[in-house]
Every structure is written in structure tokens, then in C-alpha cells.
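Here is the structure we will look at.
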Protein chains: 2
Amino acid sequence: MKCDLLIVSAAQLVTAPPGTGPLLGPDLDRPWILEDAAVACVDGRIAAVGKTRDVCAGYPEREAASVLDARGSLLAPGFIDCHTHLPFPGTREMEFEARARGETYASIAERGGGIRASVRHLHATSEEALAAAVRGRLARLLAQGTTTVEAKSGYGLSLEEERKQLRALRRAAAESPVEVIPTFLGAHEVPDEYRARREDYVALLVDSMIPAVAGEHLARYCDVFCDRGVFTVEESRRILLRGKEFGLEPKLHADELADVGAAALAAELRATSADHLLHASPSGLRAMAEAGVIAVLLPGTAFTLGLPYARARIMVEMGLALALATDWNPGSTMCSSMAMGMTLAVTQMKLTPTEAWMAATANAACAVGEGSRLGRLQPGFQADLVLFGALDHRHVAYHYAEDHVRTAVKRGTVVLDRSDRSSCA
Amino acid sequence: MKCDLLIVSAAQLVTAPPGTGPLLGPDLDRPWILEDAAVACVDGRIAAVGKTRDVCAGYPEREAASVLDARGSLLAPGFIDCHTHLPFPGTREMEFEARARGETYASIAERGGGIRASVRHLHATSEEALAAAVRGRLARLLAQGTTTVEAKSGYGLSLEEERKQLRALRRAAAESPVEVIPTFLGAHEVPDEYRARREDYVALLVDSMIPAVAGEHLARYCDVFCDRGVFTVEESRRILLRGKEFGLEPKLHADELADVGAAALAAELRATSADHLLHASPSGLRAMAEAGVIAVLLPGTAFTLGLPYARARIMVEMGLALALATDWNPGSTMCSSMAMGMTLAVTQMKLTPTEAWMAATANAACAVGEGSRLGRLQPGFQADLVLFGALDHRHVAYHYAEDHVRTAVKRGTVVLDRSDRSSCA
């Protein structure tokens, strides 16, 4: 049969075993690994995956419109970065320095830094300038092997400014091969002017912002920072239920700073994911496992801020579905590399390299509601894949802060080609 | 006046203040930072540094053989990676996985992994193949902004095999713009066949290996792993004194696993540097400060192995000269990025970003005995410098696991040019 793109002779292929749901508990460590592998792509989708000779039996090289020789490369699904704050305005390296000098995230926030600093930056940034910045970041993500990214608003905290972020995101996404899943995070922080009357801000979110954002189809998810000092469980429930009413599925920033019961709320609302979870209680995690909520772990944040890491091994034992993401944002972790996320997961949270791969691909796809379309090299799935200059899947996390990506394919089309670069062992 | 290369209009320049010695204690946090900066290079050396208008007054653009517009870039000395095991044979991702599964560095070593695994790999690797691997690694180092690298043998543990490593290193270095400082580390481990008669291995080092290595000018330094379970203080003293006799200056892997008094030995021998120092005693560190021994910190190793970090802040308070390096090796830290080393230093050891810069440049040069020639942007110094796609020096450590290097200059010549790449903020 004919195909549009045939990738042959990859030294190794790593992906989740056939299926569509998340890999739960110990299944996270049971990937599908193949030597001398090939993938055939037709109409932007994967038509066949397997040993080169088997795939080529059905899709011979001579009938392929394009053939990519993957000798010496690792073939994997493109990373799905399922939690970022991508449309952020400006950087906050001052806070990076302040923390080294002994300040805490909380003390920096108290004197006007943190999320509120980015709110001020956003006010001073036009939609055009923000869209241009996001375009540059999408290019960097692709260069690091990420083919799909979830991206949150949350530095606006007013209808106009949140809309500016989401519109800038949409403009940038329209010009990038990287697929963007937009999330409305108006409930990222209570804005200064509402400090004394926070219930008015919740009312604004519920009455005005959520309907407007949904009406303009600017977001697919509604997220709330449900934690100590931010939004309470009651406020979060109200906001997320209203989002659901308008077709925005719920996600939560849950129990990062303290156990406030956000994990249990995620279970109650059957949220797609609950993220961070550094302080989530065992009962909250158990409820999440029962409700099928994905646990999104963001080790880069704990790393940057010097916080304790989420207890990934306990979560695996509980049968939770773990996903990994970068949390890319200018405050708590300025990093867009999913490979670095895997390194942190393996060295600091004791995930195995295969668990890290599954968490960064198949399970991350489930964390953005795309578990039956993205994140796996499997017939019928969208042909989003990456070639790394590595002979073994472990190499990508093991050899850290190194640029292993050689080629990226999105929807069956080569969108990044650095195959002239040598590998580094 | 004429110059060979004129770099103008850098958004920012960061370097140590004028001088030649290491920055001690609090001086580590007192860099020289300049906006709209320029550097003129003549005959491979820096002829002038300063504000663009001041430099161009003496070296006008029209008289420069080559002009590099550095708008939007950070200009800094090339990194000096002053502790690596660069000529290593093969990788050890199995151990990376084993540690995630609960094994320790010690238990892996006991069952034949660790350094002994690399000793076996080296036996199976030809000098040619090893030289080719080193060439590839030097190219990666340059791409990450490193223009000078110290590189140790130590996976041979026999005259023939150690020589193979050092000869391969020399061959590769001859073809790379990256400057290589070779170190003989025959005392990296006691080889298996000498376990029951370790004094014979020390005798072999002293009687045969050191004279032969020095005779062939294969190394500039002699290093010993002086720690619990490796070489004792007495053995280390004997080996290092013998090295000195043959013109090899002493360096030590000191007190990484336990306090065995290696820091004090480094002071006694006036070693150029003592490295790791995770468990060094206060009295040992104080002796180092008095003797002018550079403390080389390797946070990547602590990060990868989950060990406690060296107490950098206490060392700064003691007035020690701190340097940073990657320790790039296939076992305890597979990373060649000095920028990542700076990120680890800032986030995990609480160095400030400027301290990290000074430790990675001026002080690192002192750790390889080149403090009056390398590591500073200063007239008379070798013109080794790097342009980063960043407006502020903090950005390089802050935005981690990202590729910020745009242009590298070695001995006044552009040896890496990726100025077409956009920056990412």
C-alpha cells in the first residue's frame, strides 16, 4: 500500500502498549519497546507500527511518498506537555536571584512579586507582542520534542486581560505545528483590587468571565489554583461547576502548598486532572484513583523552589495514572524541556525511565483528554512523533540538559529536521 | 587601531573584575556587569573591553577585519569546565535505571558496576574509537558554551589503558577548538586484580605509570580519588608527591563519600584544587582556604545520585575560592552543560547567579592553573568568549535545560555560529 511518510530502521522504538486509556499503577512500567522499528503514516495518522520488515511488507519503501531513514535513532511519540503557563508576559529572573538570596516564594509574593508581577507585565504587553513571544516559545517546545502543549491563561485576572492572553495564544497556535490545548485559569490568584472582597472576584469569574471565554471558544478547560492562600475548596467547586455548565472541563492546581482537600474535590468533580499534589492526602489521592482523575506531576517546580517532590512511588502503588509536565512559567520553573522533566522524575521522584516515558506521552495525552488520539505510536493515532539521537530510550533522561531531538513529525509531516546533527554518547 | 574581531553592542557583558587571582569569599558576588558592551580581539587575545563607544574609539569598526553585532545578546567568557571524565568509553544508562529502582551507587559498584564497568568498556574500545567519541563530546561542549575543559583518565587502571585514554584525548583535542587540560587519574579506583594487594597498585602508579605518563607529556595534573573505600590519605599523599616530582600538579577527588581528611591533604600539598567536598570537615576547608586551594563543586553529581549538596554558602563565608564544573562522566552525572551546573548551584546550593558565573569562569580558570590567561574578559587574556541569546546574565541559569548559546569565539576566532537562531524569553 501507499503511504505519505515511512520511517524505517529506528534503533529503538518506545511507546505505550496498544490501548487508549491511561496506564495505571504498575502498568506505567510496562511499555512497548521494539528494536529496528518502523512507522507508516497515511493522511496524518499512523497506519502501521512494528519491525521494519513487517511494516515494509505492507507499506513498501518504493510506494512511500517520503522515506526517513532512522538508523541510530530512538523513535517515540512526541511529548505532550500537559501543564504550562505558556502565554506569560515577560520573565522574572529577579525572583530567581531573590530565592538564592534566601527569600521564599511566599515572601516574594507578599511584596508584590509572583503571579501579581506577571499580572503587571501583562497589562504592559499588547496582544500582538504576546502572540509573538508565544510563537517563539512554541518553536522552542518543538525543538525539544514537544508536539502538543496545554497552555493556561491566568496572568490577566480580568475578563479583558485573560481574553488577551487566550487570543494571543490562539493566534500563535494558528501559525505553529505544535498543537495547543487552551485552558482558562482566571482563578489563578485573587487580584489585588479584590483582596478585601474576594467573593466579588468569584462572582465575576462565574457570572462574566467563564461565559465570555466559553462563548468565544477560547478555552477547552477551566482550571483553579485550589490551595492555601489562593482559592478555597468551596470557591473552586463553584467556579469549576460553572465552567462545566459552559462546556469547560475541570482541572485543578491541587494541594501544592498545603493539603486543603483539593485532590478530593478533583475526584468529586471528576476533573480530567489534578496537578502538583505535593501535599495531597492519601485519602484524596485514593479518591482520585477511584474517580479516574489523572495526577499531573511537575517536578521542575519542586526542583526550582526547593520544595519536597510529589510522592510519585506512593501514587503508582495506589494505582493512580501519573502524567508529567513542565509547568513552564516565569516564576516557579522556567523550563520547557520534557526531557528534563523526565530526568527530574527519575532522579528525584524515582520513577523508572520507562515510567517517565509513559507519563510524558500516553498518560499526558489522557491529561488533556486526548488519550485515544495522541501520545501513542499505534495505528489510528495521529502521527505525532520524534526521533532522538539515541540508541536507547533511557538515554534521553540519563544524558540531561542535552539536546537529543533530531526530527519531529506532526500529523504525518516532518516539521523539524536536524538530522544532520551528530549524536552524543 | 586595527583588530581581527570586534564584537559590538552586546546587551550585557558579565565577567570578573580586573585581576588574575580567584575571587575569594564574598568577592564571588562582585562581578563586572556592563550594558551595551564591546570587545576587540587582536592576535587571539583581548585588546579592549568596555562600552561600545569607548572600545570603538580605539578600535573603529571600519578598521576591524571582522565585526560581530551582538545586539540582544549576553557576552561572557567561555565556560571553563574544570572537572570532567571526558575520555570515557561507553555509557551506563543501566545504572541510571537501577538507581531509580532503589539501588545505591555503592551497591551498583559492588556488583561490578560503577567505575569498574567503564574499565571493562575501555578494554573493549580502541584508541581510534575513543578519540572519535571524544571529538563528538568536544563539539557538544562547545555548543553549550564551554571553550576549555579539564579531562581525566581513570578508566584504564593500567599503564597501557590509561595511556590509551590520554592519547585518545590528545588526538581529539588536536582537532577541536576546545582547549583540553589533561589529568592523569590512574588512582581513580583499585583495580579488581589488585584488591588483595592494593599496595602493589600504589607501587605500580608510583614506579611505573606516573613516570611514563609524565615522560610522554600526556597530562598536566595528577588526581587521586581520596575517599572512603578508595585511596587513603597516606596512599594519596604518596601518589600526589610522586606526581609533583614529575611535574604533574596535584588535584584531589576529596571527601565526597565521607570525611577522610582529603581536604586537609589538599591543603598540605598545596593542590591546585580539591573537588566534590560533600563531607569535608570545617577544619579541612579552613586549611584549604589558607593554602589557596580552589574548591571545585560538582552539583550535578549530588543531583543525579541524590546526595546532599556541598555546603557552598559556608565555603563562601570561610573565604574559599569556589569553582563549578560538570563532572561529566557516564556513571554519576551524564551532563556536559555548565549552564545546568549554574542552575543547580543557584537552586540547590544557593549561590547567586553572579556567584555561579564567577565560579564557572574566572575561578574555574584558576582551578586549572590558568587564572592569568583564561576565564576573564580583560585585556591580555585569551579571547575565549560566548554570546548567549539573553538580555541578562541571570537568564542562562534561570531558563534551564535550554540552549542559549548563539556564538562561540576561541582565541579570537568564531568557532561556532548559530546567530540565526532566535532567542527565547
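By convention in this document, the chains of the C-alpha cells carry letters A, B, ... by their order, each chain's residues are numbered from 1, and ligands are numbered from 1 in the order they are shown.
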Item to complete: Compute the set of chain A residues within 6 Å of chain B, using only C-alpha atoms, and express it as a VMD selection string.
Response: chain A and resid 100 304 334 to 335 346 to 347 350 352 399 to 401
Practice prompt. Pick out the residues sitting within 7 Å of stretch 163-172 of chain B, and hand them over as a PyMOL selection string; count only C-alpha atoms, and ignore anything fewer than 4 positions along from it in its own chain.
Written response: chain B and resi 87+127-128+130-132+134-135+153+159+176+213+218
Practice prompt. Quote the spacing between atom CA of B:Leu205 and atom CA of B:Gly371 in Å to one decimal place.
Written response: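 It comes out at 29.4 Å.
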Fill in: DSSP strand (DSSP E or B) selection over stretch 113-318 of chain B, as a VMD selection string
chain B and resid 146 to 152 179 to 187 221 to 226 231 249 to 254 273 to 276 294 to 297
Just-selected residues, N, CA, C and O atoms written as a compact mmCIF listing (two decimals), in the first residue's frame:
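The resulting file, out-v2.txt, is reproduced below:
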```
# COMPACT_ATOMS: atom_id res chain seq x y z
N THR B 146 31.20 25.90 26.38
CA THR B 146 32.45 25.58 27.07
C THR B 146 33.61 25.66 26.09
O THR B 146 33.63 24.96 25.08
N THR B 147 34.59 26.51 26.39
CA THR B 147 35.73 26.70 25.47
C THR B 147 37.01 26.07 26.01
O THR B 147 38.00 25.99 25.29
N THR B 148 37.00 25.65 27.27
CA THR B 148 38.15 24.96 27.86
C THR B 148 37.62 23.87 28.78
O THR B 148 36.67 24.11 29.54
N VAL B 149 38.23 22.68 28.71
CA VAL B 149 37.74 21.59 29.54
C VAL B 149 38.90 20.80 30.13
O VAL B 149 39.87 20.50 29.44
N GLU B 150 38.81 20.54 31.41
CA GLU B 150 39.74 19.62 32.04
C GLU B 150 39.19 18.23 31.83
O GLU B 150 37.97 18.03 31.88
N ALA B 151 40.07 17.25 31.56
CA ALA B 151 39.60 15.91 31.23
C ALA B 151 40.53 14.88 31.84
O ALA B 151 41.74 14.92 31.63
N LYS B 152 39.92 13.95 32.58
CA LYS B 152 40.71 12.98 33.34
C LYS B 152 40.68 11.61 32.69
O LYS B 152 39.65 11.19 32.16
N GLU B 179 39.91 23.86 24.14
CA GLU B 179 41.20 23.62 24.77
C GLU B 179 41.02 22.54 25.84
O GLU B 179 40.09 22.60 26.64
N VAL B 180 41.93 21.58 25.86
CA VAL B 180 41.81 20.46 26.79
C VAL B 180 42.98 20.46 27.75
O VAL B 180 44.14 20.54 27.34
N ILE B 181 42.67 20.38 29.05
CA ILE B 181 43.69 20.27 30.09
C ILE B 181 43.66 18.82 30.58
O ILE B 181 42.69 18.43 31.24
N PRO B 182 44.66 18.02 30.27
CA PRO B 182 44.58 16.60 30.61
C PRO B 182 45.08 16.29 32.02
O PRO B 182 46.06 16.88 32.48
N THR B 183 44.40 15.40 32.67
CA THR B 183 44.75 14.98 34.03
C THR B 183 44.86 13.47 34.10
O THR B 183 43.99 12.75 33.58
N PHE B 184 45.92 13.00 34.74
CA PHE B 184 46.12 11.57 34.95
C PHE B 184 45.42 11.16 36.25
O PHE B 184 45.76 11.65 37.33
N LEU B 185 44.45 10.27 36.13
CA LEU B 185 43.70 9.81 37.30
C LEU B 185 43.80 8.28 37.40
O LEU B 185 42.82 7.57 37.54
N GLY B 186 45.04 7.80 37.32
CA GLY B 186 45.24 6.35 37.49
C GLY B 186 44.74 5.88 38.86
O GLY B 186 44.33 4.72 39.01
N ALA B 187 44.72 6.77 39.83
CA ALA B 187 44.25 6.43 41.17
C ALA B 187 42.77 6.78 41.32
O ALA B 187 42.35 7.46 42.25
N TYR B 221 48.04 17.42 35.18
CA TYR B 221 47.72 17.21 36.59
C TYR B 221 47.72 15.72 36.92
O TYR B 221 47.52 14.88 36.05
N CYS B 222 47.94 15.45 38.20
CA CYS B 222 47.74 14.11 38.74
C CYS B 222 46.64 14.21 39.78
O CYS B 222 46.68 15.08 40.66
N ASP B 223 45.64 13.36 39.67
CA ASP B 223 44.46 13.41 40.54
C ASP B 223 44.33 12.06 41.25
O ASP B 223 44.74 11.02 40.71
N VAL B 224 43.78 12.08 42.46
CA VAL B 224 43.54 10.84 43.22
C VAL B 224 42.15 10.91 43.83
O VAL B 224 41.73 11.97 44.30
N PHE B 225 41.43 9.80 43.80
CA PHE B 225 40.12 9.70 44.47
C PHE B 225 40.42 9.33 45.91
O PHE B 225 40.57 8.15 46.24
N CYS B 226 40.51 10.34 46.77
CA CYS B 226 40.88 10.13 48.17
C CYS B 226 39.59 10.13 48.99
O CYS B 226 39.03 11.19 49.28
N PHE B 231 41.15 5.49 47.86
CA PHE B 231 42.53 5.63 48.31
C PHE B 231 42.59 6.39 49.63
O PHE B 231 41.85 7.36 49.83
N GLU B 249 50.99 18.57 38.60
CA GLU B 249 50.44 19.27 39.76
C GLU B 249 49.29 18.47 40.37
O GLU B 249 48.56 17.79 39.66
N PRO B 250 49.14 18.55 41.70
CA PRO B 250 48.11 17.73 42.34
C PRO B 250 46.70 18.32 42.31
O PRO B 250 46.51 19.53 42.41
N LYS B 251 45.74 17.41 42.16
CA LYS B 251 44.30 17.66 42.29
C LYS B 251 43.74 16.49 43.08
O LYS B 251 44.29 15.40 43.03
N LEU B 252 42.63 16.69 43.77
CA LEU B 252 42.03 15.58 44.51
C LEU B 252 40.52 15.51 44.32
O LEU B 252 39.84 16.55 44.31
N HIS B 253 40.02 14.27 44.19
CA HIS B 253 38.62 13.97 44.48
C HIS B 253 38.58 13.83 46.00
O HIS B 253 39.11 12.85 46.53
N ALA B 254 37.97 14.78 46.70
CA ALA B 254 38.18 14.86 48.14
C ALA B 254 36.89 14.76 48.95
O ALA B 254 35.95 15.55 48.74
N SER B 273 43.47 22.18 43.19
CA SER B 273 42.06 22.12 43.59
C SER B 273 41.77 20.87 44.37
O SER B 273 42.47 19.86 44.25
N ALA B 274 40.71 20.94 45.19
CA ALA B 274 40.12 19.76 45.81
C ALA B 274 38.65 19.78 45.41
O ALA B 274 37.99 20.81 45.52
N ASP B 275 38.16 18.64 44.94
CA ASP B 275 36.87 18.62 44.25
C ASP B 275 35.85 17.74 44.98
O ASP B 275 36.22 16.79 45.65
N HIS B 276 34.58 18.04 44.81
CA HIS B 276 33.43 17.39 45.45
C HIS B 276 33.19 17.97 46.84
O HIS B 276 32.30 18.76 47.04
N ILE B 294 41.67 25.74 45.42
CA ILE B 294 40.33 26.02 44.90
C ILE B 294 39.38 24.88 45.25
O ILE B 294 39.75 23.70 45.13
N ALA B 295 38.18 25.21 45.69
CA ALA B 295 37.15 24.21 45.98
C ALA B 295 36.28 24.05 44.74
O ALA B 295 35.55 24.97 44.37
N VAL B 296 36.38 22.91 44.08
CA VAL B 296 35.58 22.68 42.87
C VAL B 296 34.31 21.93 43.25
O VAL B 296 34.37 20.81 43.75
N LEU B 297 33.17 22.57 43.03
CA LEU B 297 31.89 21.97 43.38
C LEU B 297 31.24 21.38 42.13
O LEU B 297 31.27 21.98 41.06
```
Item to complete: Find the residues near stretch 11-13 of chain B: any atom within 6 Å, counting only C-alpha atoms, skip ones fewer than 2 places away on the same chain, and give them as a ChimeraX atom specification.
Response: /B:33-36,71-76,391
Practice prompt. Determine which residues of stretch 211-263 of chain A DSSP labels as alpha helix (DSSP H) from the backbone of this structure, then write them out as a ChimeraX atom specification.
Written response: /A:211-215,233-245,262-263
